[in-house]
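Structure first, commentary second.
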Amino acid sequence: MQVSLKVNGQATTVDAPPNTLLVQAIREHLRLTGTHVGCDTAQCGACTVHVNGRAVKSCNMLLAQAEGAEVTTIEGIAAQDGTLHPMQAAFKECHGLQCGFCTPGMVMSAIDLCKTHPGASEAEVRELLDGNLCRCTGYQNIVKAVMLGGKNMASA
């Protein structure tokens with residue numbers, strides 16, 4: 001089955017079996033390996049990407065459901081010149097990562113969180129990050145990074 005979509009601003013067609021998950025297409029067919037597979041059950045959020053501007057766990061979506069969609073992965077959020085997205089920069093500045101496995105999905109979720117809940121309080125950020133698991137950081141620096149990233153996104 002052929003599915004046409006736009007990934008990180010570039011039109012592409014993926015030829016894959018009908019049961020192919022979006023995360024499989026991203027990683028295996030398009031070779032964009034920044035999107036991680038953690039649980040395969042939509043529990044951890046490591047596979048989060050944006051589909052038509054909204055955060056989606058790509059292990060829980062068939063590629064066929066993305067027909068005609070605009071998909072943005074972690075590789076597609078930095079500027080063309082390599083300048084980090086404000087959320088990426090905030091994660092770096094606030095040390096919002098340790099092993100880095102959850103970081104791409106966490107950043108993608110955080111961007112959506114800040115767009116849909118601008119000015120969220122620390123408690124709201126903690127609640128809204130539910131569904132994105134980190135086994136290393138204890139979340140304190142992630143929350144700081146999301147709050148700083150949101151502030152920087154709003155002023156950009």
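We name chains A, B, ... following the order of the structure tokens; residues begin at 1 in each chain, and ligands are numbered from 1 as shown.
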Close residues, stretch 7-14 of chain A itself excluded, 8 Å, only C-alpha atoms, min 3 positions apart in chain, as a list in words: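 Returned residues: Gln2, Val3, Ser4, Ala25, His29, Leu30, Glu70, Val71, Thr72, Thr73, Glu75, Gly76 and Ile77 of chain A.
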Quick one: write out the picked residues with N, CA and C atoms as a compact mmCIF listing (two decimals), in the first residue's frame?
```txt
# COMPACT_ATOMS: atom_id res chain seq x y z
N GLN A 2 0.53 2.22 -0.78
CA GLN A 2 1.28 3.46 -0.83
C GLN A 2 0.53 4.56 -0.08
N VAL A 3 1.27 5.25 0.77
CA VAL A 3 0.70 6.34 1.55
C VAL A 3 1.52 7.60 1.27
N SER A 4 0.84 8.65 0.87
CA SER A 4 1.50 9.93 0.61
C SER A 4 1.28 10.86 1.79
N ALA A 25 7.08 3.26 9.95
CA ALA A 25 7.34 3.96 8.69
C ALA A 25 8.39 5.04 8.90
N HIS A 29 11.29 2.96 7.23
CA HIS A 29 11.17 3.32 5.81
C HIS A 29 11.83 4.67 5.51
N LEU A 30 11.66 5.63 6.42
CA LEU A 30 12.21 6.97 6.19
C LEU A 30 13.55 7.19 6.87
N GLU A 70 0.48 16.09 7.51
CA GLU A 70 1.80 16.68 7.71
C GLU A 70 2.34 16.14 9.03
N VAL A 71 3.45 15.43 8.94
CA VAL A 71 4.07 14.81 10.10
C VAL A 71 5.39 15.53 10.38
N THR A 72 5.59 15.88 11.64
CA THR A 72 6.85 16.49 12.05
C THR A 72 7.47 15.61 13.11
N THR A 73 8.72 15.24 12.89
CA THR A 73 9.47 14.45 13.86
C THR A 73 10.47 15.36 14.56
N GLU A 75 13.49 15.47 14.19
CA GLU A 75 14.47 15.96 13.22
C GLU A 75 13.98 17.19 12.47
N GLY A 76 12.68 17.45 12.51
CA GLY A 76 12.12 18.54 11.74
C GLY A 76 11.80 19.82 12.49
N ILE A 77 12.19 19.91 13.77
CA ILE A 77 11.78 21.10 14.52
C ILE A 77 12.86 22.17 14.62
```
Show me, as a Markdown table, the residues of stretch 27-122 of chain A having an atom within 12 Å of stretch 18-22 of chain A, each with the closest atom pair and its distance in Å, using only C-alpha atoms.
```
| residue | atom | partner | partner_atom | distance |
| --- | --- | --- | --- | --- |
| A:Arg27 | CA | A:Leu22 | CA | 8.6 |
| A:Glu28 | CA | A:Leu22 | CA | 9.9 |
| A:His29 | CA | A:Leu22 | CA | 9.9 |
| A:Leu30 | CA | A:Leu22 | CA | 10.5 |
| A:Leu32 | CA | A:Leu22 | CA | 11.6 |
| A:Thr35 | CA | A:Leu22 | CA | 10.4 |
| A:His36 | CA | A:Leu22 | CA | 11.6 |
| A:Val37 | CA | A:Leu22 | CA | 11.0 |
| A:Asp40 | CA | A:Leu21 | CA | 9.9 |
| A:Thr41 | CA | A:Leu21 | CA | 11.6 |
| A:Ala42 | CA | A:Leu21 | CA | 11.8 |
| A:Cys47 | CA | A:Leu22 | CA | 9.4 |
| A:Thr48 | CA | A:Leu22 | CA | 10.4 |
| A:Val49 | CA | A:Leu22 | CA | 9.6 |
| A:His50 | CA | A:Leu22 | CA | 11.3 |
| A:Val51 | CA | A:Leu22 | CA | 10.2 |
| A:Val56 | CA | A:Leu22 | CA | 10.0 |
| A:Lys57 | CA | A:Leu22 | CA | 8.9 |
| A:Ser58 | CA | A:Leu22 | CA | 5.2 |
| A:Cys59 | CA | A:Leu21 | CA | 6.0 |
| A:Asn60 | CA | A:Leu21 | CA | 7.1 |
| A:Met61 | CA | A:Leu22 | CA | 5.7 |
| A:Leu62 | CA | A:Leu21 | CA | 4.2 |
| A:Leu63 | CA | A:Leu22 | CA | 4.3 |
| A:Ala64 | CA | A:Pro18 | CA | 6.8 |
| A:Gln65 | CA | A:Leu22 | CA | 8.3 |
| A:Ala66 | CA | A:Leu22 | CA | 7.5 |
| A:Glu67 | CA | A:Leu22 | CA | 10.5 |
| A:Ala69 | CA | A:Leu22 | CA | 11.4 |
| A:Val71 | CA | A:Leu22 | CA | 9.7 |
| A:Thr72 | CA | A:Leu22 | CA | 11.7 |
| A:Thr73 | CA | A:Leu22 | CA | 11.2 |
```
Neighbouring residues of stretch 91-105 of chain A were defined as those with any atom within 8 Å, considering only C-alpha atoms; residues of the same chain fewer than 6 positions away were excluded. Please report them as number ranges by chain. A: 34-36, 45-49, 74, 132-134, 136-137, 139-146, 149
Writer output for current selection, N, CA, C and O atoms, as a PDB file, in the first residue's frame:
```
ATOM      1  N   GLY A  34      15.252   9.438  15.231  1.00  0.00           N
ATOM      2  CA  GLY A  34      15.098  10.220  16.451  1.00  0.00           C
ATOM      3  C   GLY A  34      13.817   9.879  17.194  1.00  0.00           C
ATOM      4  O   GLY A  34      13.734  10.040  18.402  1.00  0.00           O
ATOM      5  N   THR A  35      12.811   9.408  16.465  1.00  0.00           N
ATOM      6  CA  THR A  35      11.563   8.958  17.077  1.00  0.00           C
ATOM      7  C   THR A  35      11.818   7.561  17.633  1.00  0.00           C
ATOM      8  O   THR A  35      12.173   6.658  16.888  1.00  0.00           O
ATOM      9  N   HIS A  36      11.651   7.386  18.926  1.00  0.00           N
ATOM     10  CA  HIS A  36      11.997   6.121  19.567  1.00  0.00           C
ATOM     11  C   HIS A  36      10.776   5.245  19.822  1.00  0.00           C
ATOM     12  O   HIS A  36       9.662   5.742  19.962  1.00  0.00           O
ATOM     13  N   GLY A  45       5.267   7.397  25.490  1.00  0.00           N
ATOM     14  CA  GLY A  45       5.417   8.666  24.787  1.00  0.00           C
ATOM     15  C   GLY A  45       6.722   8.863  24.051  1.00  0.00           C
ATOM     16  O   GLY A  45       6.941   9.908  23.446  1.00  0.00           O
ATOM     17  N   ALA A  46       7.621   7.877  24.059  1.00  0.00           N
ATOM     18  CA  ALA A  46       8.911   8.023  23.371  1.00  0.00           C
ATOM     19  C   ALA A  46       8.746   8.197  21.865  1.00  0.00           C
ATOM     20  O   ALA A  46       9.613   8.754  21.203  1.00  0.00           O
ATOM     21  N   CYS A  47       7.625   7.756  21.328  1.00  0.00           N
ATOM     22  CA  CYS A  47       7.386   7.797  19.877  1.00  0.00           C
ATOM     23  C   CYS A  47       6.576   9.018  19.444  1.00  0.00           C
ATOM     24  O   CYS A  47       6.137   9.089  18.292  1.00  0.00           O
ATOM     25  N   THR A  48       6.406   9.991  20.305  1.00  0.00           N
ATOM     26  CA  THR A  48       5.547  11.141  20.003  1.00  0.00           C
ATOM     27  C   THR A  48       6.101  11.976  18.859  1.00  0.00           C
ATOM     28  O   THR A  48       7.285  12.334  18.834  1.00  0.00           O
ATOM     29  N   VAL A  49       5.229  12.254  17.898  1.00  0.00           N
ATOM     30  CA  VAL A  49       5.497  13.143  16.760  1.00  0.00           C
ATOM     31  C   VAL A  49       4.306  14.080  16.640  1.00  0.00           C
ATOM     32  O   VAL A  49       3.317  13.920  17.349  1.00  0.00           O
ATOM     33  N   ILE A  74      11.171  14.824  15.520  1.00  0.00           N
ATOM     34  CA  ILE A  74      12.176  15.606  16.248  1.00  0.00           C
ATOM     35  C   ILE A  74      13.212  16.175  15.286  1.00  0.00           C
ATOM     36  O   ILE A  74      13.725  17.272  15.498  1.00  0.00           O
ATOM     37  N   ASN A 132       4.022  10.624  29.204  1.00  0.00           N
ATOM     38  CA  ASN A 132       5.413  10.652  28.762  1.00  0.00           C
ATOM     39  C   ASN A 132       6.267  10.231  29.944  1.00  0.00           C
ATOM     40  O   ASN A 132       6.355  10.953  30.935  1.00  0.00           O
ATOM     41  N   LEU A 133       6.874   9.074  29.826  1.00  0.00           N
ATOM     42  CA  LEU A 133       7.634   8.511  30.937  1.00  0.00           C
ATOM     43  C   LEU A 133       9.127   8.748  30.772  1.00  0.00           C
ATOM     44  O   LEU A 133       9.664   8.616  29.676  1.00  0.00           O
ATOM     45  N   CYS A 134       9.765   9.081  31.884  1.00  0.00           N
ATOM     46  CA  CYS A 134      11.212   9.197  31.948  1.00  0.00           C
ATOM     47  C   CYS A 134      11.656   8.357  33.131  1.00  0.00           C
ATOM     48  O   CYS A 134      11.142   8.523  34.236  1.00  0.00           O
ATOM     49  N   CYS A 136      14.832   8.273  34.183  1.00  0.00           N
ATOM     50  CA  CYS A 136      16.120   8.750  34.688  1.00  0.00           C
ATOM     51  C   CYS A 136      16.065  10.033  35.508  1.00  0.00           C
ATOM     52  O   CYS A 136      16.780  10.155  36.490  1.00  0.00           O
ATOM     53  N   THR A 137      15.271  11.006  35.090  1.00  0.00           N
ATOM     54  CA  THR A 137      15.465  12.361  35.603  1.00  0.00           C
ATOM     55  C   THR A 137      14.709  12.723  36.857  1.00  0.00           C
ATOM     56  O   THR A 137      15.083  13.659  37.527  1.00  0.00           O
ATOM     57  N   TYR A 139      11.937  14.111  36.636  1.00  0.00           N
ATOM     58  CA  TYR A 139      11.052  15.105  36.029  1.00  0.00           C
ATOM     59  C   TYR A 139      11.301  16.555  36.432  1.00  0.00           C
ATOM     60  O   TYR A 139      10.825  17.450  35.753  1.00  0.00           O
ATOM     61  N   GLN A 140      12.002  16.839  37.514  1.00  0.00           N
ATOM     62  CA  GLN A 140      12.149  18.230  37.967  1.00  0.00           C
ATOM     63  C   GLN A 140      12.734  19.107  36.860  1.00  0.00           C
ATOM     64  O   GLN A 140      12.193  20.170  36.559  1.00  0.00           O
ATOM     65  N   ASN A 141      13.830  18.675  36.259  1.00  0.00           N
ATOM     66  CA  ASN A 141      14.455  19.492  35.217  1.00  0.00           C
ATOM     67  C   ASN A 141      13.656  19.474  33.918  1.00  0.00           C
ATOM     68  O   ASN A 141      13.719  20.430  33.146  1.00  0.00           O
ATOM     69  N   ILE A 142      12.901  18.425  33.680  1.00  0.00           N
ATOM     70  CA  ILE A 142      12.023  18.390  32.512  1.00  0.00           C
ATOM     71  C   ILE A 142      10.946  19.462  32.659  1.00  0.00           C
ATOM     72  O   ILE A 142      10.672  20.214  31.723  1.00  0.00           O
ATOM     73  N   VAL A 143      10.361  19.548  33.835  1.00  0.00           N
ATOM     74  CA  VAL A 143       9.324  20.554  34.078  1.00  0.00           C
ATOM     75  C   VAL A 143       9.912  21.957  33.921  1.00  0.00           C
ATOM     76  O   VAL A 143       9.305  22.824  33.277  1.00  0.00           O
ATOM     77  N   LYS A 144      11.104  22.183  34.473  1.00  0.00           N
ATOM     78  CA  LYS A 144      11.763  23.485  34.297  1.00  0.00           C
ATOM     79  C   LYS A 144      11.979  23.784  32.822  1.00  0.00           C
ATOM     80  O   LYS A 144      11.763  24.908  32.368  1.00  0.00           O
ATOM     81  N   ALA A 145      12.409  22.776  32.070  1.00  0.00           N
ATOM     82  CA  ALA A 145      12.670  22.955  30.641  1.00  0.00           C
ATOM     83  C   ALA A 145      11.388  23.281  29.885  1.00  0.00           C
ATOM     84  O   ALA A 145      11.381  24.164  29.016  1.00  0.00           O
ATOM     85  N   VAL A 146      10.310  22.597  30.207  1.00  0.00           N
ATOM     86  CA  VAL A 146       9.037  22.853  29.524  1.00  0.00           C
ATOM     87  C   VAL A 146       8.570  24.271  29.814  1.00  0.00           C
ATOM     88  O   VAL A 146       8.123  24.985  28.897  1.00  0.00           O
ATOM     89  N   GLY A 149      10.928  26.589  27.923  1.00  0.00           N
ATOM     90  CA  GLY A 149      10.669  26.447  26.492  1.00  0.00           C
ATOM     91  C   GLY A 149       9.370  27.113  26.086  1.00  0.00           C
ATOM     92  O   GLY A 149       9.292  27.775  25.047  1.00  0.00           O
TER      93      GLY A 149
END
```
Backbone DSSP call of helix (DSSP H, G or I) for chain A, listed as a PyMOL selection string: chain A and resi 22-29+58-60+63-66+74-76+86-93+103-116+122-128+140-155
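Every residue of stretch 7-150 of chain A found in strand (DSSP E or B) when DSSP is run on the backbone appears here: Val7, Gln10, Ala11, Thr12, Thr13, Val14, Asp15, Leu21, Thr48, Val49, His50, Val51, Arg54, Ala55, Val56, Lys57, Leu62, Glu70, Val71 and Thr72 of chain A.
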File of the preceding selection, all heavy atoms, as a compact mmCIF listing (two decimals), in the first residue's frame:
```txt
# COMPACT_ATOMS: atom_id res chain seq x y z
N VAL A 7 6.54 14.83 5.42
CA VAL A 7 7.30 14.59 6.64
C VAL A 7 8.40 15.65 6.75
O VAL A 7 9.23 15.78 5.84
CB VAL A 7 7.92 13.17 6.66
CG1 VAL A 7 8.73 12.96 7.94
CG2 VAL A 7 6.83 12.11 6.55
N GLN A 10 8.71 17.83 3.71
CA GLN A 10 8.99 17.24 2.40
C GLN A 10 7.94 16.20 2.05
O GLN A 10 7.68 15.28 2.84
CB GLN A 10 10.37 16.60 2.37
CG GLN A 10 11.49 17.61 2.53
CD GLN A 10 12.85 17.00 2.28
OE1 GLN A 10 13.09 15.84 2.55
NE2 GLN A 10 13.77 17.81 1.77
N ALA A 11 7.38 16.33 0.86
CA ALA A 11 6.40 15.34 0.39
C ALA A 11 7.11 14.01 0.16
O ALA A 11 8.22 13.97 -0.36
CB ALA A 11 5.74 15.83 -0.90
N THR A 12 6.47 12.95 0.58
CA THR A 12 7.03 11.62 0.41
C THR A 12 5.92 10.60 0.26
O THR A 12 4.78 10.84 0.66
CB THR A 12 7.96 11.25 1.59
OG1 THR A 12 8.66 10.04 1.30
CG2 THR A 12 7.20 11.08 2.89
N THR A 13 6.25 9.47 -0.31
CA THR A 13 5.32 8.35 -0.40
C THR A 13 6.02 7.14 0.21
O THR A 13 7.18 6.86 -0.10
CB THR A 13 4.95 8.06 -1.86
OG1 THR A 13 4.33 9.22 -2.41
CG2 THR A 13 3.99 6.89 -1.97
N VAL A 14 5.31 6.46 1.09
CA VAL A 14 5.84 5.27 1.73
C VAL A 14 5.06 4.07 1.22
O VAL A 14 3.83 4.07 1.25
CB VAL A 14 5.73 5.36 3.27
CG1 VAL A 14 6.23 4.08 3.92
CG2 VAL A 14 6.49 6.57 3.79
N ASP A 15 5.76 3.07 0.74
CA ASP A 15 5.16 1.82 0.28
C ASP A 15 5.37 0.79 1.37
O ASP A 15 6.51 0.39 1.64
CB ASP A 15 5.80 1.38 -1.03
CG ASP A 15 5.07 0.22 -1.69
OD1 ASP A 15 3.94 -0.09 -1.25
OD2 ASP A 15 5.61 -0.36 -2.64
N LEU A 21 2.70 0.54 11.32
CA LEU A 21 2.48 1.65 12.24
C LEU A 21 3.26 2.87 11.76
O LEU A 21 4.30 2.75 11.11
CB LEU A 21 2.93 1.28 13.65
CG LEU A 21 2.16 0.14 14.31
CD1 LEU A 21 2.85 -0.27 15.61
CD2 LEU A 21 0.72 0.56 14.58
N THR A 48 6.41 9.99 20.31
CA THR A 48 5.55 11.14 20.00
C THR A 48 6.10 11.98 18.86
O THR A 48 7.28 12.33 18.83
CB THR A 48 5.35 12.01 21.25
OG1 THR A 48 4.79 11.21 22.29
CG2 THR A 48 4.43 13.18 20.97
N VAL A 49 5.23 12.25 17.90
CA VAL A 49 5.50 13.14 16.76
C VAL A 49 4.31 14.08 16.64
O VAL A 49 3.32 13.92 17.35
CB VAL A 49 5.70 12.34 15.44
CG1 VAL A 49 6.90 11.41 15.54
CG2 VAL A 49 4.45 11.58 15.06
N HIS A 50 4.39 15.03 15.74
CA HIS A 50 3.24 15.89 15.46
C HIS A 50 2.61 15.46 14.15
O HIS A 50 3.31 15.28 13.15
CB HIS A 50 3.66 17.36 15.36
CG HIS A 50 4.14 17.93 16.64
ND1 HIS A 50 4.75 19.16 16.73
CD2 HIS A 50 4.10 17.46 17.92
CE1 HIS A 50 5.06 19.41 17.99
NE2 HIS A 50 4.69 18.38 18.72
N VAL A 51 1.31 15.28 14.18
CA VAL A 51 0.53 14.98 12.98
C VAL A 51 -0.46 16.12 12.82
O VAL A 51 -1.29 16.36 13.70
CB VAL A 51 -0.19 13.62 13.07
CG1 VAL A 51 -1.04 13.38 11.85
CG2 VAL A 51 0.82 12.49 13.26
N ARG A 54 -0.48 18.39 15.91
CA ARG A 54 -0.86 17.88 17.23
C ARG A 54 0.03 16.72 17.63
O ARG A 54 0.39 15.89 16.79
CB ARG A 54 -2.32 17.39 17.22
CG ARG A 54 -3.35 18.46 16.91
CD ARG A 54 -3.56 19.40 18.03
NE ARG A 54 -3.85 18.62 19.25
CZ ARG A 54 -4.33 19.12 20.35
NH1 ARG A 54 -4.57 20.39 20.43
NH2 ARG A 54 -4.56 18.36 21.38
N ALA A 55 0.37 16.63 18.90
CA ALA A 55 1.19 15.53 19.39
C ALA A 55 0.41 14.23 19.33
O ALA A 55 -0.74 14.15 19.76
CB ALA A 55 1.64 15.80 20.83
N VAL A 56 1.06 13.21 18.74
CA VAL A 56 0.45 11.89 18.56
C VAL A 56 1.49 10.83 18.89
O VAL A 56 2.65 10.96 18.51
CB VAL A 56 -0.02 11.71 17.09
CG1 VAL A 56 -0.45 10.29 16.81
CG2 VAL A 56 -1.13 12.68 16.77
N LYS A 57 1.07 9.80 19.59
CA LYS A 57 1.96 8.67 19.84
C LYS A 57 1.94 7.79 18.58
O LYS A 57 0.94 7.13 18.29
CB LYS A 57 1.52 7.92 21.08
CG LYS A 57 1.71 8.77 22.34
CD LYS A 57 1.24 8.08 23.58
CE LYS A 57 1.44 8.99 24.77
NZ LYS A 57 0.92 8.39 26.01
N LEU A 62 -1.78 3.87 12.65
CA LEU A 62 -1.37 3.22 11.41
C LEU A 62 -0.85 4.26 10.42
O LEU A 62 -1.36 5.39 10.37
CB LEU A 62 -2.54 2.46 10.79
CG LEU A 62 -3.02 1.23 11.53
CD1 LEU A 62 -4.31 0.71 10.92
CD2 LEU A 62 -1.95 0.14 11.53
N GLU A 70 0.48 16.09 7.51
CA GLU A 70 1.80 16.68 7.71
C GLU A 70 2.34 16.14 9.03
O GLU A 70 1.74 16.34 10.08
CB GLU A 70 1.71 18.21 7.77
CG GLU A 70 1.36 18.81 6.43
CD GLU A 70 1.57 20.31 6.38
OE1 GLU A 70 2.45 20.82 7.10
OE2 GLU A 70 0.84 20.94 5.60
N VAL A 71 3.45 15.43 8.94
CA VAL A 71 4.07 14.81 10.10
C VAL A 71 5.39 15.53 10.38
O VAL A 71 6.19 15.75 9.46
CB VAL A 71 4.33 13.31 9.86
CG1 VAL A 71 5.06 12.68 11.04
CG2 VAL A 71 3.01 12.58 9.58
N THR A 72 5.59 15.88 11.64
CA THR A 72 6.85 16.49 12.05
C THR A 72 7.47 15.61 13.11
O THR A 72 6.83 15.27 14.11
CB THR A 72 6.65 17.91 12.61
OG1 THR A 72 5.94 18.68 11.64
CG2 THR A 72 7.97 18.57 12.92
```
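Taking atom CA of A:His117 and atom CA of A:Met147 as the two end points, the separation is 10.9 Å.
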Which residue gives the smallest distance to A:Met108 among A:His85, A:Arg31, A:Arg135, A:Lys151, with only C-alpha atoms counted? A:His85
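With distances restricted to only C-alpha atoms, A:Val125 is the closest residue to A:Leu113 from A:Leu5, A:Met87, A:Val125, A:Cys39.
If you look at atom CA of A:Ala78 and atom CA of A:Pro118, they are 20.4 Å away from each other.
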How far is it from atom CA of A:Ala154 to atom CA of A:Ala120, in Å with one decimal? 11.9 Å
